[in-house]
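The file model21.pdb contains PDB, C-alpha atoms and all ligand atoms:
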ATOM      1  CA  MET A   1     -24.456   4.412  12.527
ATOM      2  CA  ARG A   2     -22.719   7.541  11.170
ATOM      3  CA  GLU A   3     -21.652   7.095   7.576
ATOM      4  CA  LEU A   4     -17.872   7.150   7.358
ATOM      5  CA  ARG A   5     -16.027   8.309   4.275
ATOM      6  CA  ALA A   6     -12.511   7.541   3.016
ATOM      7  CA  ASN A   7     -10.205   9.163   0.491
ATOM      8  CA  ILE A   8      -9.807   6.815  -2.452
ATOM      9  CA  SER A   9      -6.949   7.410  -4.888
ATOM     10  CA  GLY A  10      -7.980   4.776  -7.395
ATOM     11  CA  ILE A  11      -9.801   1.539  -8.144
ATOM     12  CA  ILE A  12      -8.566  -1.243 -10.432
ATOM     13  CA  LYS A  13     -11.490  -3.426 -11.421
ATOM     14  CA  SER A  14      -9.426  -6.454 -12.413
ATOM     15  CA  SER A  15      -5.989  -7.484 -11.152
ATOM     16  CA  VAL A  16      -4.237 -10.852 -11.024
ATOM     17  CA  ILE A  17      -1.171  -9.596  -9.110
ATOM     18  CA  ASP A  18      -2.783  -8.422  -5.872
ATOM     19  CA  GLY A  19      -3.616 -11.784  -4.349
ATOM     20  CA  PRO A  20      -5.101 -15.032  -5.655
ATOM     21  CA  GLY A  21      -7.576 -15.022  -8.550
ATOM     22  CA  ASN A  22      -9.032 -12.028 -10.310
ATOM     23  CA  ARG A  23      -9.437  -9.199  -7.803
ATOM     24  CA  MET A  24     -10.780  -5.687  -7.554
ATOM     25  CA  VAL A  25      -8.176  -3.440  -5.882
ATOM     26  CA  ILE A  26      -9.144  -0.302  -3.962
ATOM     27  CA  PHE A  27      -6.330   2.180  -3.229
ATOM     28  CA  PHE A  28      -6.640   4.504  -0.227
ATOM     29  CA  GLN A  29      -4.980   7.930  -0.088
ATOM     30  CA  ALA A  30      -2.370   8.855   2.595
ATOM     31  CA  CYS A  31       0.520   6.901   4.031
ATOM     32  CA  ASN A  32       2.515   6.946   7.263
ATOM     33  CA  LEU A  33       5.822   5.975   5.604
ATOM     34  CA  ASN A  34       7.760   7.913   2.967
ATOM     35  CA  CYS A  35       9.765   5.251   1.092
ATOM     36  CA  MET A  36      12.540   6.500  -1.172
ATOM     37  CA  TYR A  37      11.454   4.100  -3.907
ATOM     38  CA  CYS A  38       7.719   4.860  -3.680
ATOM     39  CA  HIS A  39       6.462   4.948  -7.269
ATOM     40  CA  ASN A  40       3.082   6.387  -6.244
ATOM     41  CA  SER A  41       4.360   9.239  -4.091
ATOM     42  CA  HIS A  42       1.244  11.298  -4.910
ATOM     43  CA  THR A  43      -0.691   8.882  -2.648
ATOM     44  CA  ILE A  44       1.378   9.723   0.463
ATOM     45  CA  GLY A  45      -0.166  13.040   1.503
ATOM     46  CA  LEU A  46      -3.521  14.776   1.769
ATOM     47  CA  CYS A  47      -4.381  17.874  -0.254
ATOM     48  CA  ASN A  48      -4.369  21.257   1.542
ATOM     49  CA  TYR A  49      -5.913  23.138  -1.427
ATOM     50  CA  CYS A  50      -2.813  25.329  -1.958
ATOM     51  CA  GLU A  51      -3.619  25.743  -5.700
ATOM     52  CA  ILE A  52      -0.007  25.144  -6.806
ATOM     53  CA  CYS A  53      -1.122  22.327  -9.126
ATOM     54  CA  ALA A  54      -3.873  24.464 -10.689
ATOM     55  CA  THR A  55      -1.376  27.248 -11.439
ATOM     56  CA  ALA A  56       1.095  24.781 -12.964
ATOM     57  CA  CYS A  57      -1.419  22.891 -15.114
ATOM     58  CA  PRO A  58      -0.510  23.661 -18.754
ATOM     59  CA  THR A  59      -4.108  23.225 -19.956
ATOM     60  CA  GLN A  60      -5.923  25.054 -17.101
ATOM     61  CA  SER A  61      -7.804  21.848 -16.348
ATOM     62  CA  LEU A  62      -7.923  22.350 -12.581
ATOM     63  CA  ALA A  63      -9.947  24.824 -10.513
ATOM     64  CA  ILE A  64      -9.799  24.863  -6.716
ATOM     65  CA  ASP A  65     -12.346  26.255  -4.267
ATOM     66  CA  LYS A  66     -10.283  26.713  -1.090
ATOM     67  CA  GLU A  67     -13.253  27.600   1.107
ATOM     68  CA  LYS A  68     -15.371  24.631   0.131
ATOM     69  CA  LYS A  69     -12.305  22.383  -0.146
ATOM     70  CA  GLN A  70     -13.323  21.238  -3.590
ATOM     71  CA  ILE A  71     -11.286  20.557  -6.706
ATOM     72  CA  PHE A  72     -12.796  20.636 -10.181
ATOM     73  CA  HIS A  73     -11.006  18.669 -12.878
ATOM     74  CA  ASN A  74     -11.830  19.029 -16.567
ATOM     75  CA  ASP A  75     -11.225  15.560 -17.972
ATOM     76  CA  VAL A  76     -11.883  16.764 -21.516
ATOM     77  CA  THR A  77      -8.987  19.228 -21.594
ATOM     78  CA  CYS A  78      -6.625  17.254 -19.307
ATOM     79  CA  THR A  79      -3.731  15.695 -21.230
ATOM     80  CA  HIS A  80      -2.715  13.451 -18.307
ATOM     81  CA  CYS A  81       0.760  15.011 -18.317
ATOM     82  CA  ASP A  82       1.156  14.475 -14.520
ATOM     83  CA  THR A  83       2.565  17.999 -13.995
ATOM     84  CA  CYS A  84       0.080  18.508 -11.160
ATOM     85  CA  LEU A  85       1.411  15.421  -9.372
ATOM     86  CA  LYS A  86       5.053  16.414  -9.834
ATOM     87  CA  VAL A  87       4.633  19.964  -8.455
ATOM     88  CA  CYS A  88       2.506  19.079  -5.423
ATOM     89  CA  PRO A  89       4.533  19.933  -2.290
ATOM     90  CA  GLU A  90       2.401  17.593  -0.171
ATOM     91  CA  ASN A  91       3.062  14.376  -2.139
ATOM     92  CA  SER A  92      -0.646  14.482  -2.870
ATOM     93  CA  SER A  93      -2.959  14.694  -5.858
ATOM     94  CA  PRO A  94      -5.961  16.700  -7.048
ATOM     95  CA  PHE A  95      -7.623  13.469  -8.217
ATOM     96  CA  TYR A  96      -8.461  11.396  -5.147
ATOM     97  CA  LYS A  97     -12.108  11.180  -4.151
ATOM     98  CA  SER A  98     -14.022  11.010  -0.898
ATOM     99  CA  MET A  99     -16.206   7.895  -1.016
ATOM    100  CA  SER A 100     -18.668   6.256   1.386
ATOM    101  CA  VAL A 101     -19.027   2.552   2.126
ATOM    102  CA  ASN A 102     -22.179   2.519  -0.043
ATOM    103  CA  ASP A 103     -20.254   4.134  -2.924
ATOM    104  CA  LEU A 104     -17.703   1.311  -2.797
ATOM    105  CA  ILE A 105     -20.353  -1.392  -2.415
ATOM    106  CA  SER A 106     -21.986  -0.073  -5.624
ATOM    107  CA  GLU A 107     -18.613  -0.283  -7.415
ATOM    108  CA  ILE A 108     -18.078  -3.860  -6.226
ATOM    109  CA  LEU A 109     -21.630  -4.915  -7.201
ATOM    110  CA  GLU A 110     -20.981  -3.796 -10.787
ATOM    111  CA  ILE A 111     -18.235  -6.387 -11.276
ATOM    112  CA  LYS A 112     -19.016  -9.006  -8.628
ATOM    113  CA  ASP A 113     -19.569 -11.758 -11.220
ATOM    114  CA  PHE A 114     -16.063 -11.333 -12.640
ATOM    115  CA  ILE A 115     -13.936 -11.258  -9.470
ATOM    116  CA  SER A 116     -13.011 -13.714  -6.727
ATOM    117  CA  GLY A 117     -12.244 -11.077  -4.139
ATOM    118  CA  ILE A 118     -11.178  -7.582  -3.246
ATOM    119  CA  THR A 119      -7.810  -6.279  -2.076
ATOM    120  CA  VAL A 120      -7.498  -2.966  -0.253
ATOM    121  CA  SER A 121      -4.190  -1.190  -0.621
ATOM    122  CA  GLY A 122      -2.605   2.257  -0.354
ATOM    123  CA  GLY A 123      -1.168   4.616   0.661
ATOM    124  CA  GLU A 124      -1.565   2.919   4.019
ATOM    125  CA  VAL A 125      -5.025   1.455   4.206
ATOM    126  CA  MET A 126      -4.905   0.577   7.919
ATOM    127  CA  LEU A 127      -4.961   4.293   8.757
ATOM    128  CA  GLN A 128      -8.673   3.972   7.875
ATOM    129  CA  ALA A 129      -9.386   0.851   9.977
ATOM    130  CA  LYS A 130     -12.825   2.043  11.173
ATOM    131  CA  PHE A 131     -13.936   2.688   7.601
ATOM    132  CA  LEU A 132     -12.610  -0.736   6.570
ATOM    133  CA  GLU A 133     -14.544  -2.393   9.382
ATOM    134  CA  GLN A 134     -17.796  -0.885   8.065
ATOM    135  CA  LEU A 135     -16.930  -1.785   4.479
ATOM    136  CA  PHE A 136     -16.086  -5.394   5.335
ATOM    137  CA  ILE A 137     -19.191  -5.870   7.518
ATOM    138  CA  SER A 138     -21.295  -4.585   4.600
ATOM    139  CA  ILE A 139     -19.612  -7.052   2.235
ATOM    140  CA  ARG A 140     -20.016 -10.005   4.622
ATOM    141  CA  ASN A 141     -23.698  -9.160   5.220
ATOM    142  CA  HIS A 142     -24.509  -8.715   1.520
ATOM    143  CA  THR A 143     -26.038 -11.840  -0.031
ATOM    144  CA  GLU A 144     -24.370 -11.166  -3.393
ATOM    145  CA  LEU A 145     -20.934 -10.233  -2.024
ATOM    146  CA  LYS A 146     -20.347 -12.296   1.099
ATOM    147  CA  ALA A 147     -18.416 -15.050  -0.737
ATOM    148  CA  LEU A 148     -15.742 -12.625  -1.973
ATOM    149  CA  SER A 149     -12.379 -13.022  -0.286
ATOM    150  CA  ILE A 150     -10.903  -9.917   1.369
ATOM    151  CA  LEU A 151      -7.168  -9.200   1.527
ATOM    152  CA  ILE A 152      -5.344  -6.228   3.043
ATOM    153  CA  ASP A 153      -2.060  -4.989   1.549
ATOM    154  CA  SER A 154      -0.380  -2.939   4.293
ATOM    155  CA  ASN A 155       2.973  -1.502   5.344
ATOM    156  CA  GLY A 156       2.273  -2.863   8.844
ATOM    157  CA  ASN A 157       3.102   0.416  10.569
ATOM    158  CA  VAL A 158       0.096   0.577  12.921
ATOM    159  CA  ASP A 159      -0.781  -0.474  16.486
ATOM    160  CA  GLN A 160      -2.417  -3.798  17.347
ATOM    161  CA  ASN A 161      -5.828  -2.233  18.041
ATOM    162  CA  ARG A 162      -6.186  -1.413  14.321
ATOM    163  CA  TRP A 163      -5.574  -5.050  13.335
ATOM    164  CA  GLU A 164      -8.128  -6.145  15.946
ATOM    165  CA  THR A 165     -10.725  -3.845  14.346
ATOM    166  CA  VAL A 166     -10.676  -5.725  11.031
ATOM    167  CA  LEU A 167      -9.241  -9.166  11.878
ATOM    168  CA  ASP A 168     -12.540 -11.092  11.993
ATOM    169  CA  TRP A 169     -13.679  -9.900   8.566
ATOM    170  CA  VAL A 170     -10.615 -10.520   6.400
ATOM    171  CA  ASP A 171      -9.017 -13.593   4.877
ATOM    172  CA  GLY A 172      -5.479 -12.349   5.210
ATOM    173  CA  PHE A 173      -2.803  -9.693   5.104
ATOM    174  CA  MET A 174       0.144  -9.030   2.798
ATOM    175  CA  ILE A 175       2.883  -7.027   4.559
ATOM    176  CA  ASP A 176       6.166  -5.512   3.338
ATOM    177  CA  ILE A 177       9.376  -5.551   5.338
ATOM    178  CA  LYS A 178      11.741  -2.826   4.153
ATOM    179  CA  ALA A 179      14.630  -3.592   6.533
ATOM    180  CA  TYR A 180      15.223  -5.272   9.907
ATOM    181  CA  SER A 181      17.497  -2.694  11.489
ATOM    182  CA  PRO A 182      15.479   0.341  12.678
ATOM    183  CA  ASP A 183      18.252   2.656  11.438
ATOM    184  CA  ILE A 184      18.278   1.231   7.913
ATOM    185  CA  HIS A 185      14.473   1.219   7.919
ATOM    186  CA  LYS A 186      14.537   4.909   8.804
ATOM    187  CA  GLN A 187      16.948   5.631   5.951
ATOM    188  CA  ILE A 188      14.630   3.876   3.467
ATOM    189  CA  THR A 189      11.239   5.038   4.765
ATOM    190  CA  GLY A 190      11.849   7.984   7.101
ATOM    191  CA  PHE A 191      10.465   6.015  10.076
ATOM    192  CA  SER A 192      11.438   3.228  12.472
ATOM    193  CA  ASN A 193      10.024  -0.301  12.084
ATOM    194  CA  GLU A 194       9.138  -1.151  15.662
ATOM    195  CA  LYS A 195       5.382  -1.374  14.993
ATOM    196  CA  ILE A 196       5.916  -3.270  11.732
ATOM    197  CA  LEU A 197       7.922  -6.054  13.405
ATOM    198  CA  LYS A 198       5.253  -6.343  16.111
ATOM    199  CA  SER A 199       2.511  -6.441  13.451
ATOM    200  CA  ILE A 200       4.238  -9.240  11.533
ATOM    201  CA  HIS A 201       4.428 -11.446  14.644
ATOM    202  CA  TYR A 202       0.868 -10.589  15.721
ATOM    203  CA  LEU A 203      -0.699 -11.391  12.330
ATOM    204  CA  ASN A 204       1.370 -14.582  12.067
ATOM    205  CA  LEU A 205       0.169 -15.655  15.535
ATOM    206  CA  LYS A 206      -3.442 -15.063  14.470
ATOM    207  CA  GLY A 207      -2.914 -17.188  11.328
ATOM    208  CA  LYS A 208      -3.784 -14.256   9.069
ATOM    209  CA  LEU A 209      -0.387 -13.349   7.606
ATOM    210  CA  LYS A 210      -0.510 -14.604   4.013
ATOM    211  CA  GLU A 211       2.548 -12.954   2.499
ATOM    212  CA  LEU A 212       5.695 -11.186   3.735
ATOM    213  CA  ARG A 213       7.639  -9.283   1.085
ATOM    214  CA  LEU A 214      11.160  -7.903   1.249
ATOM    215  CA  VAL A 215      11.870  -5.084  -1.198
ATOM    216  CA  PHE A 216      15.575  -5.439  -2.071
ATOM    217  CA  VAL A 217      17.405  -2.092  -2.188
ATOM    218  CA  PRO A 218      21.112  -2.646  -3.036
ATOM    219  CA  THR A 219      23.591  -1.255  -0.462
ATOM    220  CA  TYR A 220      20.747  -0.590   2.010
ATOM    221  CA  ASN A 221      19.212  -3.890   3.119
ATOM    222  CA  ASP A 222      21.643  -6.503   1.794
ATOM    223  CA  SER A 223      24.394  -6.549   4.428
ATOM    224  CA  ASP A 224      25.179  -9.959   5.985
ATOM    225  CA  GLU A 225      23.628  -8.812   9.252
ATOM    226  CA  GLU A 226      20.398  -7.631   7.566
ATOM    227  CA  ILE A 227      19.998 -10.842   5.580
ATOM    228  CA  LYS A 228      20.630 -12.950   8.676
ATOM    229  CA  LYS A 229      18.084 -11.062  10.783
ATOM    230  CA  ILE A 230      15.428 -11.101   8.057
ATOM    231  CA  THR A 231      16.079 -14.811   7.498
ATOM    232  CA  ASP A 232      15.699 -15.506  11.228
ATOM    233  CA  LEU A 233      12.456 -13.522  11.291
ATOM    234  CA  MET A 234      11.011 -15.304   8.259
ATOM    235  CA  LYS A 235      11.999 -18.724   9.644
ATOM    236  CA  ARG A 236      10.010 -18.034  12.790
ATOM    237  CA  LEU A 237       6.831 -17.506  10.737
ATOM    238  CA  SER A 238       4.352 -20.214   9.789
ATOM    239  CA  PRO A 239       5.426 -22.237   6.719
ATOM    240  CA  GLU A 240       2.048 -21.208   5.252
ATOM    241  CA  VAL A 241       3.251 -17.587   4.951
ATOM    242  CA  LYS A 242       4.505 -16.897   1.424
ATOM    243  CA  LYS A 243       7.922 -15.210   1.604
ATOM    244  CA  VAL A 244       8.740 -13.011  -1.365
ATOM    245  CA  LEU A 245      11.745 -11.029  -2.631
ATOM    246  CA  ILE A 246      10.725  -7.955  -4.636
ATOM    247  CA  LYS A 247      13.034  -6.064  -6.946
ATOM    248  CA  MET A 248      13.143  -2.325  -6.185
ATOM    249  CA  ARG A 249      12.166  -0.605  -9.428
ATOM    250  CA  LYS A 250      13.033   2.994 -10.230
ATOM    251  CA  HIS A 251      10.149   3.562 -12.613
ATOM    252  CA  GLY A 252       8.017   6.440 -11.321
ATOM    253  CA  ILE A 253      10.129   7.296  -8.253
ATOM    254  CA  ARG A 254      10.763  10.944  -7.330
ATOM    255  CA  GLU A 255      13.712  12.638  -9.048
ATOM    256  CA  LYS A 256      15.517  13.327  -5.776
ATOM    257  CA  TYR A 257      15.884   9.552  -5.283
ATOM    258  CA  ASN A 258      17.413   8.899  -8.693
ATOM    259  CA  PHE A 259      20.678   7.965  -6.962
ATOM    260  CA  LEU A 260      19.147   4.598  -5.945
ATOM    261  CA  ASN A 261      20.469   1.577  -7.829
ATOM    262  CA  GLU A 262      17.905  -0.807  -9.267
ATOM    263  CA  PRO A 263      19.172  -4.377  -8.732
ATOM    264  CA  SER A 264      20.153  -6.365 -11.821
ATOM    265  CA  LEU A 265      18.862  -9.889 -12.374
ATOM    266  CA  ASP A 266      22.274 -11.228 -11.307
ATOM    267  CA  GLU A 267      22.120  -9.198  -8.080
ATOM    268  CA  MET A 268      18.601 -10.529  -7.409
ATOM    269  CA  LYS A 269      19.805 -14.102  -7.926
ATOM    270  CA  ALA A 270      22.835 -13.517  -5.684
ATOM    271  CA  VAL A 271      20.632 -12.252  -2.836
ATOM    272  CA  LEU A 272      18.223 -15.131  -3.376
ATOM    273  CA  ASN A 273      21.151 -17.552  -3.082
ATOM    274  CA  ARG A 274      22.212 -15.980   0.190
ATOM    275  CA  PHE A 275      18.739 -16.615   1.611
ATOM    276  CA  GLU A 276      18.826 -20.182   0.256
ATOM    277  CA  THR A 277      22.212 -20.774   1.898
ATOM    278  CA  ALA A 278      20.644 -19.594   5.150
ATOM    279  CA  GLY A 279      17.904 -22.217   4.641
ATOM    280  CA  LEU A 280      15.081 -20.086   3.251
ATOM    281  CA  ASN A 281      13.446 -20.248  -0.161
ATOM    282  CA  LEU A 282      11.925 -16.973  -1.348
ATOM    283  CA  LEU A 283       9.825 -16.334  -4.417
ATOM    284  CA  ILE A 284      11.089 -13.533  -6.698
ATOM    285  CA  ILE A 285       8.672 -11.023  -8.191
TER     286      ILE A 285
HETATM  287  S1  LIG B   1      -3.032  18.492  -4.918
HETATM  288 FE1  LIG B   1      -1.159  19.306  -4.001
HETATM  289  S2  LIG B   1      -0.633  21.115  -5.217
HETATM  290 FE2  LIG B   1      -2.779  20.604  -5.680
HETATM  291  S3  LIG B   1      -3.971  21.854  -4.279
HETATM  292 FE3  LIG B   1      -3.660  19.885  -3.288
HETATM  293  S4  LIG B   1      -1.834  20.139  -2.001
HETATM  294 FE4  LIG B   1      -1.852  21.844  -3.496
HETATM  295  S1  LIG B   2      -2.486  15.830 -15.574
HETATM  296 FE1  LIG B   2      -1.583  17.668 -16.586
HETATM  297  S2  LIG B   2      -3.250  18.501 -17.842
HETATM  298 FE2  LIG B   2      -4.205  17.083 -16.385
HETATM  299  S3  LIG B   2      -4.827  18.322 -14.643
HETATM  300 FE3  LIG B   2      -2.760  17.549 -14.167
HETATM  301  S4  LIG B   2      -1.340  19.145 -14.916
HETATM  302 FE4  LIG B   2      -3.360  19.529 -15.853
END
As structure tokens, how would this structure be written, given the file I've shared?
Ligand code: SF4
Ligand code: SF4
Amino acid sequence: MRELRANISGIIKSSVIDGPGNRMVIFFQACNLNCMYCHNSHTIGLCNYCEICATACPTQSLAIDKEKKQIFHNDVTCTHCDTCLKVCPENSSPFYKSMSVNDLISEILEIKDFISGITVSGGEVMLQAKFLEQLFISIRNHTELKALSILIDSNGNVDQNRWETVLDWVDGFMIDIKAYSPDIHKQITGFSNEKILKSIHYLNLKGKLKELRLVFVPTYNDSDEEIKKITDLMKRLSPEVKKVLIKMRKHGIREKYNFLNEPSLDEMKAVLNRFETAGLNLLII
């Protein structure tokens, strides 16, 4: 079988907020939404080797070979100022790496005794469903790794065939809902939510939807109509699905979206109460 590779923007070796237990989290580069409140906007795009970041770097820590499509980063001189991320016109980064399934298996083996599972996240990880299939088969066939649980953290914006590719190998999915109305969803993310709504129902039907999370953005997705439609959707899901209300946080978002209002604790509680009145209890995180 041909060895597939994926662009990996980062790996956290220990996390207790990305699913149950202590988990390794692997972040994939590139996303098919462009959320206003994205606080990792440098994971949205792929690099086109334009050299803008190398020119802007105040410590000359980047060198780019356009022909070979390679980026050299001097970690000794880099001051981690993030200028390269801020100037990139592609919402990308000079730091993500191309990795094979075997590369990731080696990373997981190093810490297998300290984790209960792995979570793959993004960017939008389901854009790399074929790579995930190979990764998960390798984990399930590995005597030292097969007991690890596997969770996928996704924006849900893909067709059913991608879910089918990985469904048999994973324990569950955590999906965000940004808005119910396609128009409001487009305002928040730049894209409609038709596929996302279908994905939520499909994964629920298959018993694999573990968590559905609403990111609360004041004045965007808190109208009476939005709350009613999201409540109706969540009520139709299995009671086993954890329903979560997430506070939109402005930390790390792009400057052009500074006009967004981060909800106060009182506003979070008020929205929570409106869901409770409609007969739905959400967790706040
Ligand atoms: S990371 Fe961005 S700015 Fe740097 S070379 Fe790639 S596309 Fe250009
Ligand atoms: S983080 Fe700052 S110092 Fe490091 S490579 Fe990027 S621009 Fe240069």
| task | For A:Thr43, work out the shell of residues within 8 Å, counting only C-alpha atoms and skipping chain neighbours fewer than 3 positions away, then give it as a PyMOL selection string. | result | chain A and resi 9+28-31+40+46+91-93+122-123
Restrict the selected residues to C-alpha atoms and save them as an mmCIF file, keeping the file's coordinate frame.
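To be explicit, this is the file written out as selection_10.cif:
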data_model
loop_
_atom_site.group_PDB
_atom_site.id
_atom_site.type_symbol
_atom_site.label_atom_id
_atom_site.label_comp_id
_atom_site.auth_asym_id
_atom_site.auth_seq_id
_atom_site.Cartn_x
_atom_site.Cartn_y
_atom_site.Cartn_z
ATOM 1 C CA SER A 9 -6.949 7.410 -4.888
ATOM 2 C CA PHE A 28 -6.640 4.504 -0.227
ATOM 3 C CA GLN A 29 -4.980 7.930 -0.088
ATOM 4 C CA ALA A 30 -2.370 8.855 2.595
ATOM 5 C CA CYS A 31 0.520 6.901 4.031
ATOM 6 C CA ASN A 40 3.082 6.387 -6.244
ATOM 7 C CA LEU A 46 -3.521 14.776 1.769
ATOM 8 C CA ASN A 91 3.062 14.376 -2.139
ATOM 9 C CA SER A 92 -0.646 14.482 -2.870
ATOM 10 C CA SER A 93 -2.959 14.694 -5.858
ATOM 11 C CA GLY A 122 -2.605 2.257 -0.354
ATOM 12 C CA GLY A 123 -1.168 4.616 0.661
#
So that all listed atoms of ligand LIG 1 (chain B) fit with 5 Å spare on each side, what axis-aligned box centre and edge lengths in Å, to one decimal, would you give as lines of an AutoDock Vina configuration file?
center_x = -2.3
center_y = 20.2
center_z = -3.8
size_x = 13.3
size_y = 13.4
size_z = 13.7
| field | Gap from atom CA of A:Met248 to atom CA of A:Asn261 - Å, one decimal | value | 8.5 Å
| query | Neighbours of ligand LIG 2 (chain B) within 12 Å, counting all atoms listed in the file, as a ChimeraX atom specification? | reply | /A:42,51-64,71-88,92-95
Kindly save the residues from that selection, with C-alpha atoms included, as a PDB file, in the frame of the given file.
ATOM      1  CA  HIS A  42       1.244  11.298  -4.910  1.00  0.00           C
ATOM      2  CA  GLU A  51      -3.619  25.743  -5.700  1.00  0.00           C
ATOM      3  CA  ILE A  52      -0.007  25.144  -6.806  1.00  0.00           C
ATOM      4  CA  CYS A  53      -1.122  22.327  -9.126  1.00  0.00           C
ATOM      5  CA  ALA A  54      -3.873  24.464 -10.689  1.00  0.00           C
ATOM      6  CA  THR A  55      -1.376  27.248 -11.439  1.00  0.00           C
ATOM      7  CA  ALA A  56       1.095  24.781 -12.964  1.00  0.00           C
ATOM      8  CA  CYS A  57      -1.419  22.891 -15.114  1.00  0.00           C
ATOM      9  CA  PRO A  58      -0.510  23.661 -18.754  1.00  0.00           C
ATOM     10  CA  THR A  59      -4.108  23.225 -19.956  1.00  0.00           C
ATOM     11  CA  GLN A  60      -5.923  25.054 -17.101  1.00  0.00           C
ATOM     12  CA  SER A  61      -7.804  21.848 -16.348  1.00  0.00           C
ATOM     13  CA  LEU A  62      -7.923  22.350 -12.581  1.00  0.00           C
ATOM     14  CA  ALA A  63      -9.947  24.824 -10.513  1.00  0.00           C
ATOM     15  CA  ILE A  64      -9.799  24.863  -6.716  1.00  0.00           C
ATOM     16  CA  ILE A  71     -11.286  20.557  -6.706  1.00  0.00           C
ATOM     17  CA  PHE A  72     -12.796  20.636 -10.181  1.00  0.00           C
ATOM     18  CA  HIS A  73     -11.006  18.669 -12.878  1.00  0.00           C
ATOM     19  CA  ASN A  74     -11.830  19.029 -16.567  1.00  0.00           C
ATOM     20  CA  ASP A  75     -11.225  15.560 -17.972  1.00  0.00           C
ATOM     21  CA  VAL A  76     -11.883  16.764 -21.516  1.00  0.00           C
ATOM     22  CA  THR A  77      -8.987  19.228 -21.594  1.00  0.00           C
ATOM     23  CA  CYS A  78      -6.625  17.254 -19.307  1.00  0.00           C
ATOM     24  CA  THR A  79      -3.731  15.695 -21.230  1.00  0.00           C
ATOM     25  CA  HIS A  80      -2.715  13.451 -18.307  1.00  0.00           C
ATOM     26  CA  CYS A  81       0.760  15.011 -18.317  1.00  0.00           C
ATOM     27  CA  ASP A  82       1.156  14.475 -14.520  1.00  0.00           C
ATOM     28  CA  THR A  83       2.565  17.999 -13.995  1.00  0.00           C
ATOM     29  CA  CYS A  84       0.080  18.508 -11.160  1.00  0.00           C
ATOM     30  CA  LEU A  85       1.411  15.421  -9.372  1.00  0.00           C
ATOM     31  CA  LYS A  86       5.053  16.414  -9.834  1.00  0.00           C
ATOM     32  CA  VAL A  87       4.633  19.964  -8.455  1.00  0.00           C
ATOM     33  CA  CYS A  88       2.506  19.079  -5.423  1.00  0.00           C
ATOM     34  CA  SER A  92      -0.646  14.482  -2.870  1.00  0.00           C
ATOM     35  CA  SER A  93      -2.959  14.694  -5.858  1.00  0.00           C
ATOM     36  CA  PRO A  94      -5.961  16.700  -7.048  1.00  0.00           C
ATOM     37  CA  PHE A  95      -7.623  13.469  -8.217  1.00  0.00           C
TER      38      PHE A  95
END
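What the PyMOL selection byres (((chain A and resi 134) around 12) and not hetatm) picks from this file is A:Met1, A:Arg2, A:Glu3, A:Leu4, A:Arg5, A:Ala6, A:Ser100, A:Val101, A:Asn102, A:Leu104, A:Ile105, A:Gln128, A:Ala129, A:Lys130, A:Phe131, A:Leu132, A:Glu133, A:Leu135, A:Phe136, A:Ile137, A:Ser138, A:Ile139, A:Arg140, A:Asn141, A:Thr165, A:Val166, A:Trp169.
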| A:Ile246 surroundings by only C-alpha atoms, 10 Å radius, close-in-sequence under 3 positions cut, as a ChimeraX atom specification | /A:176,213-217,243,249,268,282-285
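Among A:Asn204, A:Gln187, A:Ser238, A:Ser41, the residue with the shortest atom-to-atom distance to ligand LIG 1 (chain B), counting only C-alpha atoms and all ligand atoms, is A:Ser41.
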| task | Find the residues with any atom within 12 Å of (12.5, -21.2, -0.5); use all atoms listed in the file and the coordinates as given in the file, and write the answer as a ChimeraX atom specification. | result | /A:231,234-235,239-245,272-284
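As for atom CA of A:Glu255 and atom S4 of ligand LIG 1 (chain B), they are spaced 18.6 Å apart.
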| request: Give me the residues within 9 Å of stretch 23-25 of chain A as JSON, numbers by chain, counting all atoms listed in the file and dropping any in the same chain fewer than 2 places off. | output: {"A": [10, 11, 12, 13, 14, 15, 16, 17, 18, 19, 20, 21, 27, 108, 111, 112, 114, 115, 116, 117, 118, 119, 120, 121, 149]}
| field | Output of the PyMOL selection byres (((chain A and resi 180) around 7) and not hetatm), listed as a ChimeraX atom specification | value | /A:179,181-182,185,226,229-230
Residues of the last selection are to be written out with C-alpha atoms, as a compact mmCIF listing (two decimals), keeping the file's coordinate frame.
# COMPACT_ATOMS: atom_id res chain seq x y z
CA ALA A 179 14.63 -3.59 6.53
CA SER A 181 17.50 -2.69 11.49
CA PRO A 182 15.48 0.34 12.68
CA HIS A 185 14.47 1.22 7.92
CA GLU A 226 20.40 -7.63 7.57
CA LYS A 229 18.08 -11.06 10.78
CA ILE A 230 15.43 -11.10 8.06
| Which one of A:Cys35, A:Ile8, A:Leu260, A:Ile188 sits closest to A:Asp103 if you count all atoms listed in the file? |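 Residue with the minimum atom-to-atom distance to A:Asp103: A:Ile8.
Of the listed residues A:Glu124, A:Glu225, A:Asp183, A:Glu110, the one whose atoms come nearest to A:Asn34 is A:Glu124, with distances taken using all atoms listed in the file.
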| query | Counting only C-alpha atoms and all ligand atoms, which of A:Asn7, A:Leu265, A:Tyr37, A:Cys47 gets nearest to ligand LIG 1 (chain B)? | reply |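 The answer is A:Cys47, which sits nearest to ligand LIG 1 (chain B).
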| said: When you count only C-alpha atoms and all ligand atoms, which of these residues is closest to ligand LIG 1 (chain B): A:Glu90, A:His39, A:Asn32, A:Asn221? | reply: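 Among the listed residues, A:Glu90 lies closest to ligand LIG 1 (chain B).
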| request: Calculate how many Å separate atom CA of A:Asn48 from atom CA of A:Ser154, rounding to one decimal. | output: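 Between atom CA of A:Asn48 and atom CA of A:Ser154 the gap works out to 24.7 Å.
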